[in-house]
>>> print(open('query.cif').read())   # mmCIF, C-alpha atoms
data_query
loop_
_atom_site.label_atom_id
_atom_site.label_comp_id
_atom_site.auth_asym_id
_atom_site.auth_seq_id
_atom_site.Cartn_x
_atom_site.Cartn_y
_atom_site.Cartn_z
CA MET A 215 23.55 5.94 -39.36
CA SER A 216 22.83 5.09 -42.97
CA LYS A 217 19.42 5.61 -44.55
CA SER A 218 18.87 1.82 -44.85
CA THR A 219 19.79 1.30 -41.17
CA GLN A 220 17.39 4.07 -40.17
CA MET A 221 14.59 2.45 -42.15
CA LEU A 222 15.34 -0.93 -40.54
CA THR A 223 15.20 0.69 -37.11
CA LEU A 224 11.82 2.25 -37.90
CA ARG A 225 10.55 -1.08 -39.24
CA ALA A 226 11.78 -2.85 -36.07
CA ILE A 227 9.90 -0.31 -33.95
CA ALA A 228 6.79 -0.81 -36.08
CA PHE A 229 7.14 -4.60 -35.80
CA LEU A 230 7.32 -4.41 -31.99
CA ALA A 231 4.34 -2.09 -31.97
CA VAL A 232 2.34 -4.50 -34.12
CA LEU A 233 3.23 -7.35 -31.74
CA THR A 234 2.05 -5.22 -28.84
CA LEU A 235 -1.18 -4.40 -30.63
CA GLN A 236 -1.73 -8.05 -31.54
CA PHE A 237 -1.42 -8.91 -27.87
CA LEU A 238 -3.91 -6.18 -27.05
CA SER A 239 -6.30 -7.68 -29.60
CA LEU A 240 -6.42 -10.80 -27.39
CA ARG A 241 -8.16 -8.77 -24.69
CA PRO A 242 -11.63 -10.07 -25.61
CA LEU A 243 -10.39 -13.44 -24.37
CA LEU A 244 -9.61 -11.77 -21.06
CA ALA A 245 -13.12 -10.27 -20.91
CA GLY A 246 -14.46 -7.33 -18.93
CA VAL A 247 -14.78 -3.69 -19.96
CA GLN A 248 -12.43 -2.58 -22.75
CA PRO A 249 -12.18 -0.24 -25.76
CA ASP A 250 -14.49 -0.87 -28.71
CA PRO A 251 -12.53 -3.15 -31.15
CA ALA A 252 -13.47 -1.12 -34.27
CA CYS A 253 -12.28 2.11 -32.67
CA GLU A 254 -9.11 0.44 -31.39
CA GLN A 255 -8.43 -0.96 -34.89
CA GLN A 256 -8.74 2.55 -36.36
CA CYS A 257 -6.25 3.81 -33.78
CA HIS A 258 -3.93 0.96 -34.77
CA ASP A 259 -4.23 1.81 -38.48
CA ASP A 260 -3.48 5.48 -37.72
CA TYR A 261 -0.48 4.40 -35.65
CA ILE A 262 1.02 2.37 -38.52
CA PHE A 263 0.39 5.25 -40.94
CA CYS A 264 2.11 7.63 -38.50
CA LEU A 265 5.15 5.35 -38.25
CA ASP A 266 5.38 5.11 -42.05
CA TYR A 267 4.91 8.80 -42.88
CA TYR A 268 5.56 11.03 -39.86
CA CYS A 269 8.57 9.60 -38.04
CA ASP A 270 11.86 11.13 -39.10
CA PRO A 271 14.85 8.85 -39.77
CA ARG A 272 15.93 9.07 -36.11
CA GLY A 273 12.55 7.70 -35.05
CA THR A 274 11.49 10.96 -33.42
CA CYS A 275 7.72 11.15 -33.46
CA SER A 276 4.71 10.96 -31.19
CA CYS A 277 3.00 7.97 -32.84
CA TRP A 278 2.86 5.79 -29.73
CA THR A 279 1.56 8.61 -27.53
CA ASP A 280 -1.00 9.48 -30.21
CA TYR A 281 -2.08 5.83 -30.34
CA GLN A 282 -2.50 5.63 -26.56
CA ASN A 283 -4.50 8.86 -26.53
CA CYS A 284 -6.68 7.61 -29.39
CA VAL A 285 -7.50 4.34 -27.59
CA SER A 286 -8.25 6.18 -24.35
CA TYR A 287 -11.07 8.03 -26.17
CA CYS A 288 -12.61 4.86 -27.63
CA PRO A 289 -16.01 3.96 -26.16
CA GLN A 290 -15.82 1.21 -23.56
CA ILE A 291 -17.73 -1.99 -24.23
CA CYS A 292 -18.37 -5.04 -22.11
CA THR A 293 -17.31 -8.54 -23.07
CA GLU A 294 -18.50 -11.64 -21.27
CA PRO A 295 -17.94 -12.27 -18.51
CA LYS A 296 -17.73 -8.79 -17.04
CA ASN A 297 -16.22 -10.10 -13.80
CA VAL A 298 -15.52 -13.41 -12.04
CA ARG A 299 -14.77 -13.86 -8.36
CA GLU A 300 -14.44 -16.84 -6.06
CA TYR A 301 -15.48 -16.78 -2.44
CA SER A 302 -16.06 -19.12 0.49
CA THR A 303 -18.57 -19.41 3.30
CA THR A 304 -17.86 -21.16 6.59
CA THR A 305 -20.53 -22.87 8.69
CA PRO A 306 -20.24 -24.83 11.96
CA VAL A 307 -21.60 -28.38 11.37
CA ASN A 308 -21.78 -31.75 13.15
CA ILE A 309 -22.35 -30.02 16.49
CA GLN A 310 -22.38 -32.47 19.40
CA MET A 311 -23.16 -31.40 22.93
CA THR A 312 -21.47 -33.42 25.67
CA SER A 313 -22.56 -33.89 29.27
CA THR A 314 -19.35 -32.23 30.48
CA THR A 315 -19.77 -28.89 32.26
CA THR A 316 -17.32 -26.60 33.98
CA CYS A 317 -17.19 -23.13 35.48
CA LEU A 318 -15.23 -20.65 33.36
CA LYS A 319 -14.50 -16.96 33.73
CA SER A 320 -15.62 -14.68 30.91
CA LEU A 321 -13.39 -11.87 29.61
CA SER A 322 -15.36 -9.46 31.78
CA GLY A 323 -14.55 -11.58 34.86
CA SER A 324 -18.03 -13.01 35.51
CA SER A 325 -18.38 -16.71 36.34
CA LEU A 326 -20.49 -18.89 34.04
CA VAL A 327 -21.22 -22.60 33.84
CA HIS A 328 -20.28 -23.83 30.37
CA ASN A 329 -21.17 -26.97 28.44
CA LYS A 330 -18.53 -28.70 26.29
CA PHE A 331 -19.25 -29.13 22.55
CA TYR A 332 -17.52 -30.81 19.62
CA TYR A 333 -18.02 -29.47 16.10
CA GLN A 334 -16.53 -29.07 12.63
CA TYR A 335 -16.48 -26.26 10.10
CA ARG A 336 -17.71 -26.83 6.56
CA THR A 337 -16.22 -24.43 4.02
CA ASP A 338 -18.24 -24.10 0.81
CA LYS A 339 -16.47 -22.57 -2.21
CA TYR A 340 -18.36 -20.67 -4.95
CA ARG A 341 -17.63 -18.89 -8.24
CA GLU A 342 -19.74 -15.80 -8.96
CA THR A 343 -19.91 -14.49 -12.52
CA THR A 344 -21.17 -10.98 -13.28
CA HIS A 345 -22.51 -10.58 -16.82
CA CYS A 346 -22.64 -7.44 -18.96
CA ASP A 347 -26.32 -6.89 -18.07
CA ASN A 348 -25.21 -6.99 -14.38
CA THR A 349 -26.99 -10.28 -13.71
CA LYS A 350 -25.02 -12.74 -11.62
CA THR A 351 -24.71 -16.51 -11.71
CA THR A 352 -23.20 -18.56 -8.91
CA GLU A 353 -21.57 -21.95 -9.32
CA PHE A 354 -20.95 -24.25 -6.35
CA LEU A 355 -17.37 -25.59 -6.51
CA GLY A 356 -17.30 -27.94 -3.53
CA SER A 357 -16.97 -28.31 0.24
CA THR A 358 -14.19 -29.12 2.68
CA TYR A 359 -14.42 -30.00 6.37
CA SER A 360 -12.18 -29.05 9.27
CA GLY A 361 -11.01 -31.51 11.87
CA THR A 362 -13.07 -31.84 15.04
CA LEU A 363 -12.83 -28.80 17.30
CA THR A 364 -13.77 -28.29 20.96
CA CYS A 365 -15.55 -25.29 22.44
CA TRP A 366 -17.55 -24.25 25.48
CA LYS A 367 -20.98 -22.60 25.49
CA ALA A 368 -22.31 -20.62 28.45
CA LEU A 369 -25.34 -22.13 30.16
CA TYR A 370 -26.01 -19.96 33.24
CA PRO A 371 -24.18 -17.61 35.63
CA LEU A 372 -22.63 -18.60 38.96
CA GLN A 373 -21.58 -16.43 41.86
CA SER A 374 -17.93 -17.40 41.38
CA CYS A 375 -15.68 -20.07 39.94
CA SER A 376 -13.16 -21.86 42.10
CA SER A 377 -10.58 -21.44 39.33
CA ASN A 378 -9.61 -18.80 36.80
CA ASN A 379 -9.91 -21.17 33.82
CA THR A 380 -10.74 -19.85 30.37
CA ALA A 381 -11.50 -21.80 27.20
CA PRO A 382 -12.57 -21.14 23.59
CA THR A 383 -16.23 -20.19 23.37
CA CYS A 384 -18.46 -21.67 20.68
CA PRO A 385 -19.12 -19.67 17.49
CA PHE A 386 -22.78 -20.78 17.44
#
>>> encode(input="query.cif", output="structure tokens")
Amino acid sequence: MSKSTQMLTLRAIAFLAVLTLQFLSLRPLLAGVQPDPACEQQCHDDYIFCLDYYCDPRGTCSCWTDYQNCVSYCPQICTEPKNVREYSTTTPVNIQMTSTTTCLKSLSGSSLVHNKFYYQYRTDKYRETTHCDNTKTTEFLGSTYSGTLTCWKALYPLQSCSSNNTAPTCPF
């Protein structure tokens, strides 16, 4: 490999490294805990210097490993927001008791008179943001409703049921 080809290869490696480092510099947009930008910039500068002056013509050197080690020792700082998560809560709503009763067997085998209910679930969605000072803010994103569901709620025990019927019990 000629000297000019070797230099082009080293420059190509340096160019790819710079692109990688430029991508890494976008990390503040991603937010969270990350290396201090001034320290990371110094590591980057040392990396470029290493590529220019310490790599032999075959490209044999430890510049990238040295860079990674350098960044790993940079102090960690927090950028806003520290963390974001979305979660949901589910609540039974629009509960309507009917006048329909029936005797149902429980899982343990006891007989109970149950009342029939209709209800829906409301699912509320939230976004929780954790800030660098560990305070949290919560944003309500909206609600959705399930279709109408049927369930049975135990009223009182009986000596025995005439059938072995089972049905979904109410979650409330």
>>> resolve_selection(input="query.cif", expression="the PyMOL selection byres ((chain A and resi 348) around 12)", output="ChimeraX atom specification")
/A:246,292-298,342-347,349-351
>>> write_last_selection(input="query.cif", atoms="C-alpha atoms", output="PDB file, keeping the file's coordinate frame")
ATOM      1  CA  GLY A 246     -14.460  -7.330 -18.930  1.00  0.00           C
ATOM      2  CA  CYS A 292     -18.370  -5.040 -22.110  1.00  0.00           C
ATOM      3  CA  THR A 293     -17.310  -8.540 -23.070  1.00  0.00           C
ATOM      4  CA  GLU A 294     -18.500 -11.640 -21.270  1.00  0.00           C
ATOM      5  CA  PRO A 295     -17.940 -12.270 -18.510  1.00  0.00           C
ATOM      6  CA  LYS A 296     -17.730  -8.790 -17.040  1.00  0.00           C
ATOM      7  CA  ASN A 297     -16.220 -10.100 -13.800  1.00  0.00           C
ATOM      8  CA  VAL A 298     -15.520 -13.410 -12.040  1.00  0.00           C
ATOM      9  CA  GLU A 342     -19.740 -15.800  -8.960  1.00  0.00           C
ATOM     10  CA  THR A 343     -19.910 -14.490 -12.520  1.00  0.00           C
ATOM     11  CA  THR A 344     -21.170 -10.980 -13.280  1.00  0.00           C
ATOM     12  CA  HIS A 345     -22.510 -10.580 -16.820  1.00  0.00           C
ATOM     13  CA  CYS A 346     -22.640  -7.440 -18.960  1.00  0.00           C
ATOM     14  CA  ASP A 347     -26.320  -6.890 -18.070  1.00  0.00           C
ATOM     15  CA  THR A 349     -26.990 -10.280 -13.710  1.00  0.00           C
ATOM     16  CA  LYS A 350     -25.020 -12.740 -11.620  1.00  0.00           C
ATOM     17  CA  THR A 351     -24.710 -16.510 -11.710  1.00  0.00           C
TER      18      THR A 351
END
>>> resolve_selection(input="query.cif", expression="the PyMOL selection byres ((chain A and resi 323) around 12)", output="ChimeraX atom specification")
/A:317-322,324-326,371-375,377-380
>>> write_last_selection(input="query.cif", atoms="C-alpha atoms", output="PDB file, in the coordinates of the input")
ATOM      1  CA  CYS A 317     -17.190 -23.130  35.480  1.00  0.00           C
ATOM      2  CA  LEU A 318     -15.230 -20.650  33.360  1.00  0.00           C
ATOM      3  CA  LYS A 319     -14.500 -16.960  33.730  1.00  0.00           C
ATOM      4  CA  SER A 320     -15.620 -14.680  30.910  1.00  0.00           C
ATOM      5  CA  LEU A 321     -13.390 -11.870  29.610  1.00  0.00           C
ATOM      6  CA  SER A 322     -15.360  -9.460  31.780  1.00  0.00           C
ATOM      7  CA  SER A 324     -18.030 -13.010  35.510  1.00  0.00           C
ATOM      8  CA  SER A 325     -18.380 -16.710  36.340  1.00  0.00           C
ATOM      9  CA  LEU A 326     -20.490 -18.890  34.040  1.00  0.00           C
ATOM     10  CA  PRO A 371     -24.180 -17.610  35.630  1.00  0.00           C
ATOM     11  CA  LEU A 372     -22.630 -18.600  38.960  1.00  0.00           C
ATOM     12  CA  GLN A 373     -21.580 -16.430  41.860  1.00  0.00           C
ATOM     13  CA  SER A 374     -17.930 -17.400  41.380  1.00  0.00           C
ATOM     14  CA  CYS A 375     -15.680 -20.070  39.940  1.00  0.00           C
ATOM     15  CA  SER A 377     -10.580 -21.440  39.330  1.00  0.00           C
ATOM     16  CA  ASN A 378      -9.610 -18.800  36.800  1.00  0.00           C
ATOM     17  CA  ASN A 379      -9.910 -21.170  33.820  1.00  0.00           C
ATOM     18  CA  THR A 380     -10.740 -19.850  30.370  1.00  0.00           C
TER      19      THR A 380
END
>>> atom_distance(input="query.cif", atom1="atom CA of A:Thr358", atom2="atom CA of A:Gln310")
18.9 Å
>>> atom_distance(input="query.cif", atom1="atom CA of A:Tyr281", atom2="atom CA of A:Gln256")
9.6 Å
>>> closest_residue(input="query.cif", among="A:Tyr359, A:Tyr340, A:Tyr335, A:Phe354", to="A:Cys384", atoms="all atoms listed in the file")
A:Tyr335
>>> build_atoms(input="query.cif", residues="stretch 340-352 of chain A", atoms="N, CA, C and O atoms", output="JSON list (two decimals), in the coordinates of the input")
[["chain", "number", "residue", "atom", "x", "y", "z"],
["A", 340, "TYR", "N", -17.48, -21.07, -3.85],
["A", 340, "TYR", "CA", -18.36, -20.67, -4.95],
["A", 340, "TYR", "C", -17.61, -19.81, -5.96],
["A", 340, "TYR", "O", -16.62, -19.16, -5.62],
["A", 341, "ARG", "N", -18.12, -19.80, -7.19],
["A", 341, "ARG", "CA", -17.63, -18.89, -8.24],
["A", 341, "ARG", "C", -18.82, -18.05, -8.69],
["A", 341, "ARG", "O", -19.83, -18.58, -9.15],
["A", 342, "GLU", "N", -18.69, -16.73, -8.55],
["A", 342, "GLU", "CA", -19.74, -15.80, -8.96],
["A", 342, "GLU", "C", -19.32, -15.09, -10.23],
["A", 342, "GLU", "O", -18.23, -14.53, -10.29],
["A", 343, "THR", "N", -20.18, -15.13, -11.24],
["A", 343, "THR", "CA", -19.91, -14.49, -12.52],
["A", 343, "THR", "C", -20.89, -13.34, -12.71],
["A", 343, "THR", "O", -22.10, -13.53, -12.62],
["A", 344, "THR", "N", -20.34, -12.14, -12.97],
["A", 344, "THR", "CA", -21.17, -10.98, -13.28],
["A", 344, "THR", "C", -21.16, -10.80, -14.79],
["A", 344, "THR", "O", -20.10, -10.76, -15.41],
["A", 345, "HIS", "N", -22.36, -10.71, -15.37],
["A", 345, "HIS", "CA", -22.51, -10.58, -16.82],
["A", 345, "HIS", "C", -22.66, -9.11, -17.19],
["A", 345, "HIS", "O", -22.85, -8.25, -16.33],
["A", 346, "CYS", "N", -22.58, -8.82, -18.48],
["A", 346, "CYS", "CA", -22.64, -7.44, -18.96],
["A", 346, "CYS", "C", -23.95, -6.74, -18.60],
["A", 346, "CYS", "O", -23.98, -5.52, -18.44],
["A", 347, "ASP", "N", -25.05, -7.49, -18.47],
["A", 347, "ASP", "CA", -26.32, -6.89, -18.07],
["A", 347, "ASP", "C", -26.45, -6.79, -16.54],
["A", 347, "ASP", "O", -27.52, -6.52, -16.01],
["A", 348, "ASN", "N", -25.33, -7.04, -15.84],
["A", 348, "ASN", "CA", -25.21, -6.99, -14.38],
["A", 348, "ASN", "C", -25.97, -8.09, -13.66],
["A", 348, "ASN", "O", -26.10, -8.05, -12.44],
["A", 349, "THR", "N", -26.46, -9.11, -14.38],
["A", 349, "THR", "CA", -26.99, -10.28, -13.71],
["A", 349, "THR", "C", -25.81, -11.11, -13.21],
["A", 349, "THR", "O", -24.70, -11.00, -13.74],
["A", 350, "LYS", "N", -26.08, -11.92, -12.20],
["A", 350, "LYS", "CA", -25.02, -12.74, -11.62],
["A", 350, "LYS", "C", -25.45, -14.19, -11.60],
["A", 350, "LYS", "O", -26.61, -14.50, -11.36],
["A", 351, "THR", "N", -24.49, -15.07, -11.86],
["A", 351, "THR", "CA", -24.71, -16.51, -11.71],
["A", 351, "THR", "C", -23.68, -17.02, -10.72],
["A", 351, "THR", "O", -22.54, -16.53, -10.67],
["A", 352, "THR", "N", -24.09, -18.00, -9.92],
["A", 352, "THR", "CA", -23.20, -18.56, -8.91],
["A", 352, "THR", "C", -23.09, -20.06, -9.12],
["A", 352, "THR", "O", -24.10, -20.74, -9.29]]
